[in-house]
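Take a look at the structure set out below.
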Amino acid sequence: MTKNKSALITGITGQDGAYLAQLLLGKGYQVHGFLPRRSTDTSWRLRELGILDDVHMIEGDLSDLSSLIRAVEGSRADEVYNLGAQSFVGTSWQQPLLTADVDGVGALRVLEAVRIVNREARFYQASTSEMFGLIQAERQDESTPFYPRSPYGVAKLMGHWATVNYRESYGMHASSGILFNHESPLRGIEFVTRKVAHAVASIKLGLQKELRLGNIDAKRDWGFAGDYVEAMWLMLQQAGADDYVVATGKTVSVRDMCELAFAHVGLKYQDYVVQDEKFMRPAEVDVLLGNPAKAKAKLGWAPRTTFEQLIAMMVDADLRRLSSR
Ligand code: NAP
Ligand code: G4F
């Protein structure tokens, strides 16, 4: 009988961690989650997907190498997915050193833990389109130069290059997924799509009067997180490790996203959206647009969910949640 594969996921309680855990459980993996200690329960996403009791939790923190070594040992992981991060760009200006430690040095710690315990284990690094920042090409792909615009982008660039370096130095199967923005009903409320979806539902139900936003001219290449975790898994199933851009190849402004979300419940965004300096960033990433041709050709990956379906799904989920309270 073949042994079921074992996977270790850092950031399992986050949006991507929850969807990835669901995907791997469906494929028969034993799934281990790396869980930082918090004073409140952070497992709402795993509970909402109905998989909380199916994952094995190992306590630890990305700032603590010894806990990572114990987790890689204890899980006997064949595949390690490093999704844990301080992932909110805005916060990275308030906590730049923590962001550098968790997102940059943290990725290096996970790589070290894998190298020390079992360098045959395959490794995935959650890299980001935020590394392109001030874009150096109209459509960004794996060969586009990076120009990060936030402490978060700078920290993630370290994680990306550490991954490339461990692959080249030690022959490790270490891949970096350069993922463009991906959203879902499980997105944190501070990110703009979920903030808008939640506000649209609240306004529709008479619970909120206006929505205060920052730069609504910013444009992003937005996809559905459920589609994107499949690309992560596919990267680790290849004979060799590599880096891949994962994106939809379309870009939409925050303004147009608002129009769509409000129109979904029969409202006009102009009647509710107010611009507020408080949500502007010290340096902005004006536009992101990915070219996922390599992921399509080599992984056979393509997004399945359209932007319209994604926004409808998010608004409907928040309407359901708020109505059932
Ligand atoms: P998320 O919802 O913010 O989840 C982040 C996870 O990291 C949470 O489980 C969080 O746990 C955990 N974490 C934070 N600090 C930690 C620490 N010191 N030690 C251990 N775990 C820690 O993020 P996401 O949207 O799922 O994104 C997953 C990964 O992909 C992140 O690395 C993000 O930077 C990257 N990424 C995301 C996108 C996107 O559009 N979603 C695009 C490109 C790359 P707590 O909740 O307990 O803090
Ligand atoms: O939703 P956002 O906060 O996402 P952002 O900054 O693009 O970062 C996300 O995607 C990255 C991939 O490129 C990930 F690496 C990262 O972890 C995260 O998941 O903001 C999107 C855009 C920005 O231009 C922001 O300035 O929306 C603009 N925006 C305008 N008003 C706002 C708001 N963003 C937020 N969060 N809140 C606002 O009120």
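Every chain in the structure tokens has a letter given in the order shown (A, B, ...), and although residue numbers restart at 1 in each chain, ligands are simply numbered from 1 in the order shown.
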Interface rows for chain A against ligand 2: nearest pair, Å to one decimal, 9 Å, only C-alpha atoms and all ligand atoms, as JSON lines:
{"residue": "A:Ala85", "atom": "CA", "partner": "ligand 2", "partner_atom_place_in_ligand_line": "17 (O)", "distance": 8.0}
{"residue": "A:Gln86", "atom": "CA", "partner": "ligand 2", "partner_atom_place_in_ligand_line": "17 (O)", "distance": 7.7}
{"residue": "A:Ser87", "atom": "CA", "partner": "ligand 2", "partner_atom_place_in_ligand_line": "17 (O)", "distance": 4.0}
{"residue": "A:Phe88", "atom": "CA", "partner": "ligand 2", "partner_atom_place_in_ligand_line": "17 (O)", "distance": 5.3}
{"residue": "A:Val89", "atom": "CA", "partner": "ligand 2", "partner_atom_place_in_ligand_line": "6 (O)", "distance": 4.9}
{"residue": "A:Gly90", "atom": "CA", "partner": "ligand 2", "partner_atom_place_in_ligand_line": "3 (O)", "distance": 6.8}
{"residue": "A:Ala126", "atom": "CA", "partner": "ligand 2", "partner_atom_place_in_ligand_line": "15 (F)", "distance": 8.4}
{"residue": "A:Ser127", "atom": "CA", "partner": "ligand 2", "partner_atom_place_in_ligand_line": "15 (F)", "distance": 7.1}
{"residue": "A:Thr128", "atom": "CA", "partner": "ligand 2", "partner_atom_place_in_ligand_line": "15 (F)", "distance": 4.5}
{"residue": "A:Ser129", "atom": "CA", "partner": "ligand 2", "partner_atom_place_in_ligand_line": "13 (O)", "distance": 4.3}
{"residue": "A:Glu130", "atom": "CA", "partner": "ligand 2", "partner_atom_place_in_ligand_line": "13 (O)", "distance": 4.2}
{"residue": "A:Met131", "atom": "CA", "partner": "ligand 2", "partner_atom_place_in_ligand_line": "13 (O)", "distance": 7.7}
{"residue": "A:Phe132", "atom": "CA", "partner": "ligand 2", "partner_atom_place_in_ligand_line": "13 (O)", "distance": 8.4}
{"residue": "A:Gly133", "atom": "CA", "partner": "ligand 2", "partner_atom_place_in_ligand_line": "13 (O)", "distance": 8.4}
{"residue": "A:Tyr152", "atom": "CA", "partner": "ligand 2", "partner_atom_place_in_ligand_line": "15 (F)", "distance": 7.9}
{"residue": "A:Gly153", "atom": "CA", "partner": "ligand 2", "partner_atom_place_in_ligand_line": "15 (F)", "distance": 7.5}
{"residue": "A:Lys156", "atom": "CA", "partner": "ligand 2", "partner_atom_place_in_ligand_line": "15 (F)", "distance": 8.2}
{"residue": "A:Ile178", "atom": "CA", "partner": "ligand 2", "partner_atom_place_in_ligand_line": "12 (C)", "distance": 8.5}
{"residue": "A:Leu179", "atom": "CA", "partner": "ligand 2", "partner_atom_place_in_ligand_line": "12 (C)", "distance": 6.5}
{"residue": "A:Phe180", "atom": "CA", "partner": "ligand 2", "partner_atom_place_in_ligand_line": "12 (C)", "distance": 4.8}
{"residue": "A:Asn181", "atom": "CA", "partner": "ligand 2", "partner_atom_place_in_ligand_line": "12 (C)", "distance": 4.2}
{"residue": "A:His182", "atom": "CA", "partner": "ligand 2", "partner_atom_place_in_ligand_line": "19 (O)", "distance": 7.0}
{"residue": "A:Glu183", "atom": "CA", "partner": "ligand 2", "partner_atom_place_in_ligand_line": "19 (O)", "distance": 8.0}
{"residue": "A:Arg187", "atom": "CA", "partner": "ligand 2", "partner_atom_place_in_ligand_line": "19 (O)", "distance": 8.7}
{"residue": "A:Gly188", "atom": "CA", "partner": "ligand 2", "partner_atom_place_in_ligand_line": "19 (O)", "distance": 9.0}
{"residue": "A:Ile189", "atom": "CA", "partner": "ligand 2", "partner_atom_place_in_ligand_line": "36 (N)", "distance": 8.4}
{"residue": "A:Glu190", "atom": "CA", "partner": "ligand 2", "partner_atom_place_in_ligand_line": "36 (N)", "distance": 5.2}
{"residue": "A:Phe191", "atom": "CA", "partner": "ligand 2", "partner_atom_place_in_ligand_line": "1 (O)", "distance": 3.7}
{"residue": "A:Val192", "atom": "CA", "partner": "ligand 2", "partner_atom_place_in_ligand_line": "1 (O)", "distance": 3.8}
{"residue": "A:Thr193", "atom": "CA", "partner": "ligand 2", "partner_atom_place_in_ligand_line": "1 (O)", "distance": 6.0}
{"residue": "A:Arg194", "atom": "CA", "partner": "ligand 2", "partner_atom_place_in_ligand_line": "1 (O)", "distance": 7.9}
{"residue": "A:Lys195", "atom": "CA", "partner": "ligand 2", "partner_atom_place_in_ligand_line": "37 (N)", "distance": 7.0}
{"residue": "A:Val196", "atom": "CA", "partner": "ligand 2", "partner_atom_place_in_ligand_line": "39 (O)", "distance": 8.3}
{"residue": "A:Leu211", "atom": "CA", "partner": "ligand 2", "partner_atom_place_in_ligand_line": "39 (O)", "distance": 8.4}
{"residue": "A:Arg212", "atom": "CA", "partner": "ligand 2", "partner_atom_place_in_ligand_line": "39 (O)", "distance": 6.3}
{"residue": "A:Leu213", "atom": "CA", "partner": "ligand 2", "partner_atom_place_in_ligand_line": "39 (O)", "distance": 3.6}
{"residue": "A:Gly214", "atom": "CA", "partner": "ligand 2", "partner_atom_place_in_ligand_line": "31 (N)", "distance": 3.4}
{"residue": "A:Asn215", "atom": "CA", "partner": "ligand 2", "partner_atom_place_in_ligand_line": "30 (C)", "distance": 4.2}
{"residue": "A:Ile216", "atom": "CA", "partner": "ligand 2", "partner_atom_place_in_ligand_line": "30 (C)", "distance": 4.9}
{"residue": "A:Asp217", "atom": "CA", "partner": "ligand 2", "partner_atom_place_in_ligand_line": "30 (C)", "distance": 7.7}
{"residue": "A:Ala218", "atom": "CA", "partner": "ligand 2", "partner_atom_place_in_ligand_line": "24 (O)", "distance": 4.6}
{"residue": "A:Lys219", "atom": "CA", "partner": "ligand 2", "partner_atom_place_in_ligand_line": "24 (O)", "distance": 6.6}
{"residue": "A:Arg220", "atom": "CA", "partner": "ligand 2", "partner_atom_place_in_ligand_line": "7 (O)", "distance": 6.7}
{"residue": "A:Asp221", "atom": "CA", "partner": "ligand 2", "partner_atom_place_in_ligand_line": "13 (O)", "distance": 8.1}
{"residue": "A:Trp222", "atom": "CA", "partner": "ligand 2", "partner_atom_place_in_ligand_line": "10 (O)", "distance": 8.7}
{"residue": "A:Ser253", "atom": "CA", "partner": "ligand 2", "partner_atom_place_in_ligand_line": "27 (O)", "distance": 8.3}
{"residue": "A:Val254", "atom": "CA", "partner": "ligand 2", "partner_atom_place_in_ligand_line": "27 (O)", "distance": 6.0}
{"residue": "A:Arg255", "atom": "CA", "partner": "ligand 2", "partner_atom_place_in_ligand_line": "30 (C)", "distance": 8.7}
{"residue": "A:Gln275", "atom": "CA", "partner": "ligand 2", "partner_atom_place_in_ligand_line": "31 (N)", "distance": 8.0}
{"residue": "A:Asp276", "atom": "CA", "partner": "ligand 2", "partner_atom_place_in_ligand_line": "39 (O)", "distance": 8.0}
{"residue": "A:Lys278", "atom": "CA", "partner": "ligand 2", "partner_atom_place_in_ligand_line": "39 (O)", "distance": 8.3}
{"residue": "A:Phe279", "atom": "CA", "partner": "ligand 2", "partner_atom_place_in_ligand_line": "39 (O)", "distance": 5.1}
{"residue": "A:Met280", "atom": "CA", "partner": "ligand 2", "partner_atom_place_in_ligand_line": "26 (O)", "distance": 6.0}
{"residue": "A:Arg281", "atom": "CA", "partner": "ligand 2", "partner_atom_place_in_ligand_line": "26 (O)", "distance": 6.1}
{"residue": "A:Ala283", "atom": "CA", "partner": "ligand 2", "partner_atom_place_in_ligand_line": "26 (O)", "distance": 8.9}
{"residue": "A:Glu284", "atom": "CA", "partner": "ligand 2", "partner_atom_place_in_ligand_line": "24 (O)", "distance": 6.1}
{"residue": "A:Val285", "atom": "CA", "partner": "ligand 2", "partner_atom_place_in_ligand_line": "24 (O)", "distance": 5.7}
{"residue": "A:Asp286", "atom": "CA", "partner": "ligand 2", "partner_atom_place_in_ligand_line": "24 (O)", "distance": 6.1}
{"residue": "A:Val287", "atom": "CA", "partner": "ligand 2", "partner_atom_place_in_ligand_line": "24 (O)", "distance": 7.6}
{"residue": "A:Leu288", "atom": "CA", "partner": "ligand 2", "partner_atom_place_in_ligand_line": "13 (O)", "distance": 7.4}
Skip Ser184 in chain A itself and residues of its chain fewer than 2 positions away, then list as an NGL selection string all residues within 12 Å of it, counting only C-alpha atoms. :A and (14-16 or 18-19 or 45 or 181-182 or 186-189 or 191-195 or 197-198 or 222-229 or 305-307 or 309-318)
Put those residues in a file: N, CA and C atoms, as a tab-separated table (two decimals), in the first residue's frame.
chain	number	residue	atom	x	y	z
A	14	GLY	N	-4.87	31.22	7.43
A	14	GLY	CA	-5.14	32.34	6.51
A	14	GLY	C	-6.03	31.90	5.35
A	15	GLN	N	-6.33	32.86	4.49
A	15	GLN	CA	-7.19	32.55	3.33
A	15	GLN	C	-6.63	31.39	2.49
A	16	ASP	N	-5.38	31.52	2.05
A	16	ASP	CA	-4.81	30.50	1.15
A	16	ASP	C	-4.56	29.19	1.89
A	18	ALA	N	-6.23	27.88	4.27
A	18	ALA	CA	-7.48	27.13	4.42
A	18	ALA	C	-7.86	26.43	3.11
A	19	TYR	N	-7.81	27.17	2.00
A	19	TYR	CA	-8.16	26.53	0.71
A	19	TYR	C	-7.15	25.44	0.32
A	45	ARG	N	-11.80	30.20	9.36
A	45	ARG	CA	-11.84	29.80	7.94
A	45	ARG	C	-11.88	28.28	7.81
A	181	ASN	N	-2.83	39.24	-6.97
A	181	ASN	CA	-3.88	39.30	-5.94
A	181	ASN	C	-4.94	38.22	-6.18
A	182	HIS	N	-5.27	37.52	-5.09
A	182	HIS	CA	-6.36	36.54	-5.19
A	182	HIS	C	-7.23	36.65	-3.95
A	186	LEU	N	-13.26	34.18	2.00
A	186	LEU	CA	-12.43	33.99	3.18
A	186	LEU	C	-11.33	35.04	3.31
A	187	ARG	N	-11.33	36.04	2.43
A	187	ARG	CA	-10.33	37.11	2.48
A	187	ARG	C	-10.46	37.90	3.77
A	188	GLY	N	-9.35	38.36	4.32
A	188	GLY	CA	-9.38	39.22	5.51
A	188	GLY	C	-10.10	40.53	5.19
A	189	ILE	N	-10.80	41.07	6.18
A	189	ILE	CA	-11.67	42.23	5.97
A	189	ILE	C	-10.88	43.50	5.65
A	191	PHE	N	-8.48	43.84	3.41
A	191	PHE	CA	-8.12	43.92	1.99
A	191	PHE	C	-9.29	44.50	1.20
A	192	VAL	N	-8.97	45.22	0.12
A	192	VAL	CA	-9.99	46.09	-0.46
A	192	VAL	C	-11.21	45.35	-1.04
A	193	THR	N	-11.00	44.20	-1.65
A	193	THR	CA	-12.18	43.52	-2.24
A	193	THR	C	-13.16	43.09	-1.15
A	194	ARG	N	-12.62	42.54	-0.06
A	194	ARG	CA	-13.50	42.06	1.02
A	194	ARG	C	-14.10	43.24	1.77
A	195	LYS	N	-13.31	44.31	1.91
A	195	LYS	CA	-13.83	45.51	2.58
A	195	LYS	C	-15.04	46.02	1.80
A	197	ALA	N	-16.90	44.22	-0.46
A	197	ALA	CA	-18.00	43.23	-0.45
A	197	ALA	C	-18.79	43.32	0.86
A	198	HIS	N	-18.05	43.44	1.97
A	198	HIS	CA	-18.70	43.49	3.28
A	198	HIS	C	-19.52	44.78	3.41
A	222	TRP	N	-6.86	40.56	-10.39
A	222	TRP	CA	-7.51	39.83	-9.29
A	222	TRP	C	-8.06	38.48	-9.74
A	223	GLY	N	-7.72	37.42	-9.01
A	223	GLY	CA	-8.29	36.10	-9.29
A	223	GLY	C	-8.91	35.50	-8.03
A	224	PHE	N	-9.39	34.26	-8.16
A	224	PHE	CA	-10.05	33.55	-7.05
A	224	PHE	C	-9.03	32.65	-6.34
A	225	ALA	N	-8.93	32.80	-5.01
A	225	ALA	CA	-7.93	32.05	-4.24
A	225	ALA	C	-8.07	30.54	-4.43
A	226	GLY	N	-9.30	30.05	-4.55
A	226	GLY	CA	-9.52	28.60	-4.73
A	226	GLY	C	-8.83	28.07	-5.98
A	227	ASP	N	-8.78	28.90	-7.03
A	227	ASP	CA	-8.06	28.50	-8.26
A	227	ASP	C	-6.55	28.55	-8.05
A	228	TYR	N	-6.09	29.53	-7.26
A	228	TYR	CA	-4.65	29.77	-7.15
A	228	TYR	C	-3.92	28.71	-6.32
A	229	VAL	N	-4.62	28.13	-5.32
A	229	VAL	CA	-3.93	27.10	-4.51
A	229	VAL	C	-3.65	25.85	-5.35
A	305	THR	N	-12.37	30.92	-12.52
A	305	THR	CA	-13.42	31.81	-12.02
A	305	THR	C	-13.23	33.21	-12.61
A	306	THR	N	-14.30	33.78	-13.17
A	306	THR	CA	-14.17	35.13	-13.72
A	306	THR	C	-14.23	36.16	-12.59
A	307	PHE	N	-13.81	37.38	-12.89
A	307	PHE	CA	-13.83	38.44	-11.88
A	307	PHE	C	-15.28	38.73	-11.45
A	309	GLN	N	-17.80	36.61	-11.41
A	309	GLN	CA	-18.25	35.52	-10.52
A	309	GLN	C	-17.64	35.69	-9.12
A	310	LEU	N	-16.36	36.10	-9.08
A	310	LEU	CA	-15.66	36.26	-7.80
A	310	LEU	C	-16.34	37.33	-6.94
A	311	ILE	N	-16.60	38.48	-7.53
A	311	ILE	CA	-17.21	39.58	-6.76
A	311	ILE	C	-18.62	39.21	-6.31
A	312	ALA	N	-19.38	38.57	-7.19
A	312	ALA	CA	-20.74	38.13	-6.81
A	312	ALA	C	-20.67	37.14	-5.65
A	313	MET	N	-19.71	36.22	-5.72
A	313	MET	CA	-19.56	35.20	-4.67
A	313	MET	C	-19.24	35.87	-3.32
A	314	MET	N	-18.39	36.90	-3.37
A	314	MET	CA	-17.97	37.56	-2.12
A	314	MET	C	-19.10	38.39	-1.52
A	315	VAL	N	-19.83	39.12	-2.37
A	315	VAL	CA	-20.94	39.94	-1.85
A	315	VAL	C	-22.03	39.01	-1.29
A	316	ASP	N	-22.34	37.95	-2.03
A	316	ASP	CA	-23.38	37.02	-1.57
A	316	ASP	C	-23.00	36.37	-0.24
A	317	ALA	N	-21.72	36.03	-0.09
A	317	ALA	CA	-21.28	35.39	1.16
A	317	ALA	C	-21.46	36.36	2.34
A	318	ASP	N	-21.13	37.65	2.12
A	318	ASP	CA	-21.29	38.60	3.23
A	318	ASP	C	-22.77	38.91	3.49
Go through range 120-201 of chain A residue by residue and, counting only C-alpha atoms, keep those with an atom at most 12 Å from range 55-74 of chain A; for each kept residue give the shortest atom pair and its distance in Å to one decimal, ordered by chain and increasing number, as CSV.
residue,atom,partner,partner_atom,distance
A:Glu120,CA,A:Val72,CA,11.7
A:Ala121,CA,A:Val72,CA,9.1
A:Arg122,CA,A:Val72,CA,11.4
A:Phe123,CA,A:Val72,CA,11.1
With all heavy atoms retained, export the selected residues as a tab-separated table (two decimals), in the first residue's frame.
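See selection29.tsv below for the written result:
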chain	number	residue	atom	x	y	z
A	120	GLU	N	15.09	16.51	0.98
A	120	GLU	CA	14.32	15.91	-0.12
A	120	GLU	C	12.89	16.44	-0.14
A	120	GLU	O	12.17	16.29	-1.13
A	120	GLU	CB	14.26	14.38	0.01
A	120	GLU	CG	15.62	13.69	-0.12
A	120	GLU	CD	16.34	14.08	-1.41
A	120	GLU	OE1	15.69	14.04	-2.47
A	120	GLU	OE2	17.54	14.43	-1.34
A	121	ALA	N	12.45	17.02	0.96
A	121	ALA	CA	11.09	17.56	1.01
A	121	ALA	C	10.97	18.69	-0.01
A	121	ALA	O	11.92	19.45	-0.21
A	121	ALA	CB	10.77	18.06	2.41
A	122	ARG	N	9.82	18.78	-0.64
A	122	ARG	CA	9.61	19.84	-1.64
A	122	ARG	C	9.08	21.10	-0.95
A	122	ARG	O	8.29	21.00	0.00
A	122	ARG	CB	8.65	19.35	-2.72
A	122	ARG	CG	9.28	18.17	-3.45
A	122	ARG	CD	8.48	17.68	-4.63
A	122	ARG	NE	9.28	16.71	-5.38
A	122	ARG	CZ	8.99	16.27	-6.59
A	122	ARG	NH1	7.90	16.70	-7.19
A	122	ARG	NH2	9.76	15.40	-7.19
A	123	PHE	N	9.48	22.26	-1.44
A	123	PHE	CA	9.19	23.52	-0.74
A	123	PHE	C	8.51	24.51	-1.68
A	123	PHE	O	8.93	24.70	-2.82
A	123	PHE	CB	10.52	24.11	-0.22
A	123	PHE	CG	10.37	25.49	0.37
A	123	PHE	CD1	9.95	25.66	1.68
A	123	PHE	CD2	10.66	26.63	-0.39
A	123	PHE	CE1	9.82	26.95	2.23
A	123	PHE	CE2	10.53	27.90	0.15
A	123	PHE	CZ	10.11	28.06	1.47
7 Å contact set for range 168-177 of chain A, only C-alpha atoms, chain neighbours under 2 positions out, as a ChimeraX atom specification: /A:119-120,122-127,160,163-166,179,232,235,240-246
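Atom pair CA of Trp161 in chain A / CA of Arg37 in chain A: separated by 28.2 Å.
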Write out as a count of residues only all residues of range 216-267 of chain A that DSSP puts in alpha helix (DSSP H) for this structure's backbone. 22
Take atom 24 (P, counted along the ligand's line) of ligand 1 and CA of Asp103 in chain A and report the distance between them in Å, one decimal. 12.0 Å
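For the choices A:Leu267, A:Leu234, A:Ala77, A:Val110, the atom-to-atom distance to Leu20 in chain A is smallest for A:Leu234 when using only C-alpha atoms.
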Would you mind writing down, as a PDB file with C-alpha atoms, in the first residue's frame, each residue of range 33-151 of chain A that DSSP on the backbone assigns to strand (DSSP E or B)?
ATOM      1  CA  GLY A  33      -0.693  23.189  10.101  1.00  0.00           C
ATOM      2  CA  PHE A  34       1.937  25.416  11.711  1.00  0.00           C
ATOM      3  CA  LEU A  35       0.032  27.525  14.202  1.00  0.00           C
ATOM      4  CA  HIS A  56      -3.088  18.307  12.730  1.00  0.00           C
ATOM      5  CA  MET A  57      -1.826  21.476  14.339  1.00  0.00           C
ATOM      6  CA  ILE A  58       1.783  22.024  15.419  1.00  0.00           C
ATOM      7  CA  GLU A  59       2.442  25.122  17.503  1.00  0.00           C
ATOM      8  CA  GLU A  79       5.821  18.960   0.908  1.00  0.00           C
ATOM      9  CA  VAL A  80       6.224  22.214   2.855  1.00  0.00           C
ATOM     10  CA  TYR A  81       4.141  25.231   1.841  1.00  0.00           C
ATOM     11  CA  ASN A  82       5.330  28.518   3.366  1.00  0.00           C
ATOM     12  CA  ARG A 122       9.613  19.845  -1.639  1.00  0.00           C
ATOM     13  CA  PHE A 123       9.194  23.521  -0.738  1.00  0.00           C
ATOM     14  CA  TYR A 124       6.778  26.220  -1.914  1.00  0.00           C
ATOM     15  CA  GLN A 125       7.342  29.928  -1.199  1.00  0.00           C
ATOM     16  CA  ALA A 126       4.367  32.321  -1.319  1.00  0.00           C
ATOM     17  CA  SER A 127       5.925  35.121  -3.349  1.00  0.00           C
ATOM     18  CA  THR A 128       3.942  38.033  -4.678  1.00  0.00           C
ATOM     19  CA  GLN A 140       4.784  41.198 -15.684  1.00  0.00           C
TER      20      GLN A 140
END
Report, in Å to a single decimal, how far apart atom 2 (O, counted along the ligand's line) of ligand 1 and CA of Pro36 in chain A are. 13.4 Å
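If you measure from each of A:Leu319, A:Met257, A:Gly290, A:Asp101 to Leu205 in chain A using only C-alpha atoms, the closest one turns out to be A:Leu319.
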